[in-house]
Each structure stands twice: as C-alpha cells, then as structure tokens.
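The next block is my_file06.cif, given as mmCIF, C-alpha atoms.
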data_input
#
loop_
_atom_site.label_atom_id
_atom_site.label_comp_id
_atom_site.auth_asym_id
_atom_site.auth_seq_id
_atom_site.Cartn_x
_atom_site.Cartn_y
_atom_site.Cartn_z
CA MET B 972 82.74 79.40 104.86
CA GLU B 973 83.86 75.81 105.32
CA SER B 974 87.61 75.30 105.59
CA GLN B 975 87.74 73.01 102.55
CA LYS B 976 86.36 75.85 100.40
CA LEU B 977 88.84 78.38 101.73
CA SER B 978 92.29 78.81 100.23
CA LEU B 979 95.22 78.26 102.55
CA THR B 980 96.37 81.88 102.41
CA SER B 981 92.86 83.20 103.05
CA HIS B 982 92.51 80.80 105.94
CA LEU B 983 95.79 81.98 107.46
CA LEU B 984 94.91 85.65 107.06
CA ASN B 985 91.68 85.02 108.93
CA SER B 986 93.11 82.75 111.60
CA SER B 987 94.04 83.73 115.13
CA THR B 988 97.72 84.25 115.89
CA LYS B 989 99.79 84.39 119.07
CA LEU B 990 100.11 88.16 118.66
CA PRO B 991 97.43 90.22 116.85
CA TYR B 992 98.06 90.82 113.17
CA ASP B 993 97.52 94.55 113.67
CA ALA B 994 100.47 94.56 116.08
CA ALA B 995 102.68 93.65 113.10
CA ILE B 996 101.18 95.88 110.41
CA LYS B 997 100.18 98.87 112.58
CA HIS B 998 103.13 98.92 114.93
CA ASP B 999 104.01 102.22 116.64
CA PHE B 1000 107.04 102.49 114.34
CA LEU B 1001 104.79 102.31 111.28
CA THR B 1002 102.22 104.69 112.72
CA ALA B 1003 104.94 107.26 113.43
CA ALA B 1004 106.39 106.72 109.96
CA GLY B 1005 103.05 107.52 108.38
CA SER B 1006 102.37 110.57 110.52
CA GLY B 1007 105.79 112.14 109.99
CA THR B 1008 106.80 111.88 113.65
CA LEU B 1009 109.39 109.11 113.28
CA ASP B 1010 112.89 109.91 114.48
CA HIS B 1011 115.31 109.98 111.54
CA ASN B 1012 117.89 107.89 113.39
CA LEU B 1013 115.27 105.31 114.32
CA LEU B 1014 114.47 104.96 110.62
CA ALA B 1015 118.19 104.48 109.97
CA LEU B 1016 118.36 101.82 112.67
CA TRP B 1017 115.45 99.93 111.11
CA LEU B 1018 117.01 100.13 107.64
CA SER B 1019 120.32 98.81 108.98
CA GLN B 1020 118.46 95.77 110.34
CA ASP B 1021 116.51 95.24 107.13
CA LYS B 1022 119.79 95.41 105.24
CA THR B 1023 121.12 92.58 107.44
CA TYR B 1024 117.96 90.57 106.69
CA ALA B 1025 118.34 91.25 102.97
CA THR B 1026 122.07 90.56 102.68
CA GLN B 1027 122.33 87.57 105.02
CA GLY B 1028 119.07 85.87 105.91
CA TYR B 1029 116.98 86.14 102.74
CA PRO B 1030 119.57 84.93 100.18
CA ARG B 1031 120.52 82.01 102.43
CA PHE B 1032 116.84 81.12 102.89
CA ILE B 1033 115.99 81.25 99.18
CA GLY B 1034 119.17 79.36 98.28
CA SER B 1035 118.27 76.61 100.74
CA LEU B 1036 114.80 76.26 99.23
CA VAL B 1037 116.28 75.93 95.76
CA ALA B 1038 118.78 73.33 96.98
CA ASN B 1039 116.08 71.30 98.74
CA MET B 1040 113.77 71.48 95.76
CA ALA B 1041 116.34 69.78 93.52
CA TYR B 1042 115.66 66.51 95.37
CA ASN B 1043 112.13 67.07 96.72
CA LYS B 1044 109.95 68.77 94.16
CA PRO B 1045 106.88 70.63 95.47
CA ARG B 1046 103.53 68.96 94.92
CA MET B 1047 100.81 71.11 93.42
CA LYS B 1048 97.18 70.30 92.73
CA ASP B 1049 96.25 69.66 89.11
CA MET B 1050 99.82 70.13 87.93
CA SER B 1051 102.56 67.74 86.91
CA GLU B 1052 105.68 67.39 89.03
CA GLU B 1053 107.77 68.96 86.29
CA ASP B 1054 105.45 71.96 85.87
CA SER B 1055 105.32 72.44 89.65
CA TYR B 1056 109.09 72.39 89.80
CA TYR B 1057 109.66 74.96 87.06
CA ARG B 1058 106.92 77.26 88.28
CA THR B 1059 108.42 77.34 91.76
CA LEU B 1060 112.02 77.54 90.56
CA LYS B 1061 111.29 80.56 88.36
CA THR B 1062 109.67 82.33 91.30
CA LEU B 1063 112.59 81.60 93.64
CA ILE B 1064 115.08 82.81 91.02
CA PHE B 1065 113.04 86.01 90.78
CA CYS B 1066 113.23 86.36 94.57
CA MET B 1067 117.00 86.09 94.49
CA GLU B 1068 117.33 88.61 91.68
CA ASN B 1069 114.91 90.99 93.35
CA ILE B 1070 116.72 90.98 96.69
CA GLY B 1071 119.84 92.14 94.88
CA LEU B 1072 117.90 95.09 93.49
CA GLU B 1073 116.48 95.78 96.94
CA ILE B 1074 119.95 95.94 98.49
CA ASP B 1075 120.93 98.53 95.86
CA PHE B 1076 117.71 100.41 96.69
CA PHE B 1077 118.66 100.48 100.36
CA ARG B 1078 122.06 101.95 99.59
CA THR B 1079 120.85 104.64 97.19
CA THR B 1080 117.94 105.65 99.44
CA ALA B 1081 120.20 105.86 102.48
CA GLU B 1082 122.64 108.08 100.60
CA LYS B 1083 119.90 110.29 99.16
CA TRP B 1084 118.11 110.92 102.45
CA ASP B 1085 121.10 110.88 104.81
CA LEU B 1086 120.35 107.63 106.64
CA ASP B 1087 123.50 106.45 108.40
CA LEU B 1088 123.55 102.64 108.27
CA GLU B 1089 126.93 102.15 109.93
CA GLY B 1090 127.67 101.34 113.56
CA TRP B 1091 124.32 99.90 114.65
CA LYS B 1092 124.14 96.86 116.91
CA GLU B 1093 122.11 93.93 115.63
CA ARG B 1094 118.76 93.78 117.41
CA GLN B 1095 117.45 90.62 119.03
CA GLY B 1096 114.43 90.79 116.74
CA THR B 1097 116.76 90.65 113.73
CA LYS B 1098 118.70 87.71 115.15
CA ASP B 1099 115.47 85.84 115.89
CA TYR B 1100 114.15 86.43 112.37
CA LEU B 1101 117.29 85.12 110.69
CA ALA B 1102 117.41 82.14 113.03
CA GLU B 1103 113.80 81.26 112.27
CA MET B 1104 114.44 81.34 108.52
CA ASP B 1105 117.20 78.78 109.00
CA LYS B 1106 115.00 76.75 111.36
CA VAL B 1107 112.13 76.46 108.88
CA VAL B 1108 114.44 75.02 106.24
CA ARG B 1109 116.13 72.71 108.74
CA ASP B 1110 113.16 71.43 110.73
CA TYR B 1111 110.65 71.03 107.93
CA GLY B 1112 113.04 69.77 105.25
CA PRO B 1113 113.72 68.20 102.90
CA GLY B 1114 110.49 69.41 101.24
CA ILE B 1115 109.94 73.12 100.66
CA GLU B 1116 106.18 73.51 101.15
CA HIS B 1117 106.66 74.97 104.62
CA GLY B 1118 109.35 77.31 103.33
CA LEU B 1119 107.08 78.60 100.59
CA VAL B 1120 104.40 79.40 103.16
CA PHE B 1121 107.01 81.20 105.28
CA LEU B 1122 108.15 83.17 102.21
CA TRP B 1123 104.61 84.27 101.33
CA ALA B 1124 103.90 85.19 104.95
CA MET B 1125 106.96 87.47 105.19
CA GLU B 1126 106.13 89.30 102.00
CA ARG B 1127 102.42 89.59 102.79
CA VAL B 1128 103.09 91.22 106.15
CA TYR B 1129 105.45 93.73 104.53
CA LEU B 1130 102.86 94.56 101.89
CA ASP B 1131 100.18 95.22 104.48
CA ALA B 1132 102.52 97.12 106.82
CA TRP B 1133 103.83 99.53 104.21
CA THR B 1134 100.42 99.96 102.61
CA TYR B 1135 99.28 101.10 106.05
CA VAL B 1136 102.13 103.62 106.11
CA LYS B 1137 101.40 104.84 102.59
CA ASN B 1138 97.74 105.42 103.42
CA ARG B 1139 98.73 107.50 106.47
CA LEU B 1140 101.51 109.56 104.93
CA GLN B 1141 101.26 113.26 105.70
CA THR B 1142 103.45 115.71 103.83
CA SER B 1143 102.09 119.12 104.87
CA ASN B 1144 103.21 121.37 107.75
CA LEU B 1145 106.42 119.41 108.34
CA SER B 1146 109.69 120.79 109.64
CA PRO B 1147 112.80 120.40 107.41
CA ASP B 1148 113.97 117.46 109.54
CA GLN B 1149 110.56 115.80 109.29
CA SER B 1150 110.48 116.38 105.52
CA LEU B 1151 113.76 114.48 105.13
CA THR B 1152 112.42 111.51 107.10
CA ILE B 1153 109.04 111.49 105.39
CA ALA B 1154 110.71 111.57 101.96
CA ALA B 1155 112.72 108.48 102.84
CA THR B 1156 109.65 106.84 104.37
CA SER B 1157 107.66 107.56 101.22
CA SER B 1158 110.29 105.75 99.16
CA PHE B 1159 109.98 102.65 101.33
CA ALA B 1160 106.19 102.76 101.38
CA THR B 1161 106.05 103.04 97.60
CA ASN B 1162 108.54 100.22 97.14
CA TRP B 1163 106.49 97.77 99.21
CA SER B 1164 102.98 98.78 98.22
CA ASN B 1165 103.17 99.42 94.48
CA LYS B 1166 101.40 97.28 91.89
CA ASP B 1167 104.54 95.27 91.09
CA PHE B 1168 105.00 94.25 94.70
CA VAL B 1169 101.29 93.45 95.01
CA ALA B 1170 101.59 91.23 91.92
CA PHE B 1171 104.62 89.48 93.44
CA VAL B 1172 102.82 88.76 96.71
CA ASP B 1173 99.78 87.53 94.77
CA ARG B 1174 102.07 85.27 92.77
CA LEU B 1175 103.44 83.74 95.97
CA ALA B 1176 99.91 83.33 97.35
CA ASP B 1177 98.84 81.53 94.20
CA ILE B 1178 101.74 79.10 94.55
CA VAL B 1179 100.94 78.44 98.22
CA ASP B 1180 97.26 77.92 97.44
CA SER B 1181 98.21 75.48 94.68
CA LEU B 1182 100.23 73.28 97.03
CA ASP B 1183 98.72 69.89 97.73
CA ILE B 1184 98.00 70.61 101.40
CA ALA B 1185 94.70 69.25 102.69
CA PRO B 1186 92.68 71.29 105.21
CA ASP B 1187 93.21 70.17 108.81
CA SER B 1188 96.10 67.92 107.80
CA PRO B 1189 99.32 67.96 109.86
CA THR B 1190 100.97 70.15 107.20
CA TRP B 1191 98.00 72.54 107.25
CA LYS B 1192 98.41 72.89 111.02
CA ASP B 1193 102.15 73.44 110.54
CA CYS B 1194 101.29 76.30 108.22
CA GLU B 1195 99.08 77.86 110.88
CA GLU B 1196 102.01 77.76 113.29
CA ILE B 1197 104.35 79.23 110.68
CA TRP B 1198 101.96 82.10 109.98
CA SER B 1199 101.58 82.87 113.68
CA ARG B 1200 105.34 82.80 114.14
CA VAL B 1201 105.97 85.17 111.21
CA VAL B 1202 103.47 87.64 112.64
CA GLU B 1203 105.28 87.44 115.98
CA LEU B 1204 108.68 87.93 114.34
CA GLU B 1205 107.44 90.96 112.42
CA VAL B 1206 106.08 92.58 115.58
CA TYR B 1207 109.51 92.40 117.21
CA PHE B 1208 111.41 93.33 114.06
CA TRP B 1209 110.16 96.92 114.18
CA PRO B 1210 112.37 98.99 116.53
CA LYS B 1211 110.89 100.96 119.41
CA SER B 1212 111.28 104.66 120.08
CA GLY B 1213 114.44 105.29 122.09
CA GLU B 1214 116.48 102.49 120.55
CA GLU B 1215 118.14 105.02 118.26
CA LYS B 1216 119.93 106.26 121.40
CA THR B 1217 121.08 102.87 122.68
CA ARG B 1218 121.84 100.80 119.60
CA ARG B 1219 125.01 102.48 118.41
CA GLY B 1220 127.91 100.03 118.46
#

Would you kindly transcribe this structure into structure tokens?
Amino acid sequence: MESQKLSLTSHLLNSSTKLPYDAAIKHDFLTAAGSGTLDHNLLALWLSQDKTYATQGYPRFIGSLVANMAYNKPRMKDMSEEDSYYRTLKTLIFCMENIGLEIDFFRTTAEKWDLDLEGWKERQGTKDYLAEMDKVVRDYGPGIEHGLVFLWAMERVYLDAWTYVKNRLQTSNLSPDQSLTIAATSSFATNWSNKDFVAFVDRLADIVDSLDIAPDSPTWKDCEEIWSRVVELEVYFWPKSGEEKTRRG
C-alpha cells in the first residue's frame, strides 16, 4: 500500500522501531503476569511506578497540551479550525478526568489485593518516561500535533500490552499466593483491554489520522521518531524480575 493511502497511525504501527514492538507488548513482565508466575512484590513495584506516571507525568503532559492549544489550534483535514479545537479539547478534558478515575482505581485495587505501593525507589525507566513527556511538549511546541501522536502512542501500547496479558491469563491450578497476584493482574488487564478503553484509543487514533500531516513531510518523520521512542520507553518501563528485592527505599 502506498504511504499516501495509509493512515498515519497504521503507518506507525507497521513501521520499524529502534526496539521491536513485541519487546514492549510481550515483555517478560507481561508474559509472567499472564501465566500467573509474576512475583506479587514485582507487581506492586510496577504499580507504584505507574502511579507516579499517572499522578505526576500524565496530568502535567495533558495540561501542557491544553495550554499550548489555546494559542496554536490543531489543524485537521476537512474540518474548520474551531471544530478541530473543540474536538481536541473535549478529548483532552476526558483524558484529564479519566486519569483521576485511574488513580482511584490504583488505590482501591492495591488495597483489595494487598499491593504495597509505599517505599519503592523511582526507576530510571519511570524518570525517562516523565522526562520525555515534558520534552515532547517543550521541543515540538507551541503546536500540539506531536503531543497528540505521543498521547495516542502511549495508550495504544498499553492497550496491546494488556490485551496480550488478558489473552494469556491462566486461573487454574494456582497456589493461594499466585491467585492473589492473578486476581490483581486480571483487574489491570480488564481495565486496559475492555471495550471502553478500545473506543478511547480508537478515538485518539481518529484524531491523529485527521491531523493535517502530509506523508513523508518533516512532521511525518517526527511522528515516526516519536513512535519509536514511545516503544523504547515502554520496553524499559516494565520492571525486571529481581527488582522487587532491590528497589525498596
């Protein structure tokens, strides 16, 4: 298929990246989560890092996009500037509201399944992810097209990663300790693979594909770099076995 007939998101999903896409969505952490062999404390470590992402990085990132958009409205094909603005603004407001619900979900799930979120050191992968979110807004501003691509990329990887876990989940012949971990894992897999989350990711993809970004243009190439970088960040965001023994503050 010729590039001009391919949507931007489809092009990115089929493009080569610095690290393989499977390394992000089929990481050893995710494979263990799906098979019921994940250490409970390693799951707690991951959740503590995702909580940092959700409470610090994501709200700051979305807020920056909204602030930038007030002066540099996104340009969409076959849509007026005003309609493009309101369509994007409504989606970003939804993102901010949804992350608040997600933080509550983290807390209640941690309490229900005995996941201790206190006392963990921040991982380098977490620091790098938050720094990159700030960098995208800073380096590609004042427009928000690049930020919207980054936003879709983050959510798309999470959808594919947790769908992989959900499709692998095994609930039979588990020890009591494994059952506790798999129950928590199932909650996360359901949260990021259900029809509502799929619809949200599709909504972001539709916005990205509507942006007035020409194939092979400098912005198009920027988007390729952003996608590759997000894949790389996601690979290193998943903790490795053994970190649950070394990451206590």

(request) Can you give me, as a count of residues only, the residues this file yields under the PyMOL selection byres ((chain B and resi 1177) around 12)? (result) 24

Name the residues in contact with segment 988-998 of chain B at a cut-off of 6 Å, using only C-alpha atoms, excluding same-chain residues fewer than 2 positions from it; report them as a compact mmCIF listing (two decimals) with C-alpha atoms, keeping the file's coordinate frame.
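Below is the file out.txt, written as the result:
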# COMPACT_ATOMS: atom_id res chain seq x y z
CA PHE B 1000 107.04 102.49 114.34
CA LEU B 1001 104.79 102.31 111.28
CA ALA B 1132 102.52 97.12 106.82
CA SER B 1199 101.58 82.87 113.68
CA GLU B 1203 105.28 87.44 115.98
CA GLU B 1205 107.44 90.96 112.42
CA VAL B 1206 106.08 92.58 115.58

(request) Identify which of the residues B:Ala1081, B:Leu1036, B:Leu1016, B:Ala1025 lies closest to Gly1112 of chain B, counting all atoms listed in the file when measuring atom-to-atom distances. (result) B:Leu1036

(message) Can you pull out the residues contacting segment 1083-1097 of chain B? Cut-off 6 Å, using all atoms listed in the file, and skip same-chain residues under 6 positions away; I want them as a ChimeraX atom specification.
(response) /B:1015,1019,1155,1207-1208,1218-1220

Quick one: write out the picked residues with C-alpha atoms as a PDB file, in the frame of the given file?
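File produced: result_36.pdb:
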ATOM      1  CA  ALA B1015     118.190 104.480 109.970  1.00  0.00           C
ATOM      2  CA  SER B1019     120.320  98.810 108.980  1.00  0.00           C
ATOM      3  CA  ALA B1155     112.720 108.480 102.840  1.00  0.00           C
ATOM      4  CA  TYR B1207     109.510  92.400 117.210  1.00  0.00           C
ATOM      5  CA  PHE B1208     111.410  93.330 114.060  1.00  0.00           C
ATOM      6  CA  ARG B1218     121.840 100.800 119.600  1.00  0.00           C
ATOM      7  CA  ARG B1219     125.010 102.480 118.410  1.00  0.00           C
ATOM      8  CA  GLY B1220     127.910 100.030 118.460  1.00  0.00           C
TER       9      GLY B1220
END

(message) Here is a test: counting only C-alpha atoms, which residue of B:Ser1035, B:Ser1006, B:Asn1043, B:Asn1165 is nearest to Lys1106 of chain B?
(response)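 Among the listed residues, B:Ser1035 lies closest to Lys1106 of chain B.
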
(request) List, as a VMD selection string, every residue that the PyMOL selection byres ((chain B and resi 1154) around 10) selects in the file provided. (result) chain B and resid 1007 1080 1083 to 1084 1140 1142 1149 to 1153 1155 to 1160

(request) Could you tell me how far atom CA of Phe1065 of chain B lies from atom CA of Thr1026 of chain B, in Å and to one decimal? (result)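 Interatomic distance here is 15.6 Å.
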
(request) Select, from B:Trp1163, B:Phe1077, B:Tyr1056, B:Tyr1111, the residue with the minimum atom-to-atom distance to Asp1131 of chain B, counting only C-alpha atoms. (result)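 Nearest candidate to Asp1131 of chain B out of B:Trp1163, B:Phe1077, B:Tyr1056, B:Tyr1111: B:Trp1163.
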
(message) Report, in Å to a single decimal, how far apart atom CA of Gln1027 of chain B and atom CA of Leu1060 of chain B are.
(response) 20.4 Å

Do you have, as CSV, the list of residues of segment 1026-1127 of chain B lying at most 12 Å from segment 1187-1192 of chain B, each with its nearest atom pair and that distance in Å to one decimal, counting all atoms listed in the file and ordered by chain then number?
residue,atom,partner,partner_atom,distance
B:Tyr1111,CA,B:Thr1190,CA,9.7
B:Gly1114,CA,B:Thr1190,CA,11.3
B:Ile1115,CA,B:Thr1190,CA,11.5
B:Glu1116,CA,B:Thr1190,CA,8.7
B:His1117,CA,B:Thr1190,CA,7.9
B:Gly1118,CA,B:Thr1190,CA,11.7
B:Val1120,CA,B:Trp1191,CA,10.2

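From atom CA of Val1201 of chain B back to atom CA of Ala1102 of chain B, the distance works out to 12.0 Å.
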
(message) Once the PyMOL selection byres ((chain B and resi 1066) around 10) is applied to the coordinates I shared, what remains selected? I want it as number ranges by chain.
(response) B: 1029-1030, 1033-1034, 1060-1065, 1067-1072, 1122, 1171

(request) Considering only C-alpha atoms, state which residue in the set B:Glu1052, B:Asp1099, B:Asp1010, B:Asp1075 is at the smallest distance from Glu1215 of chain B. (result)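 Nearest to Glu1215 of chain B: B:Asp1010.
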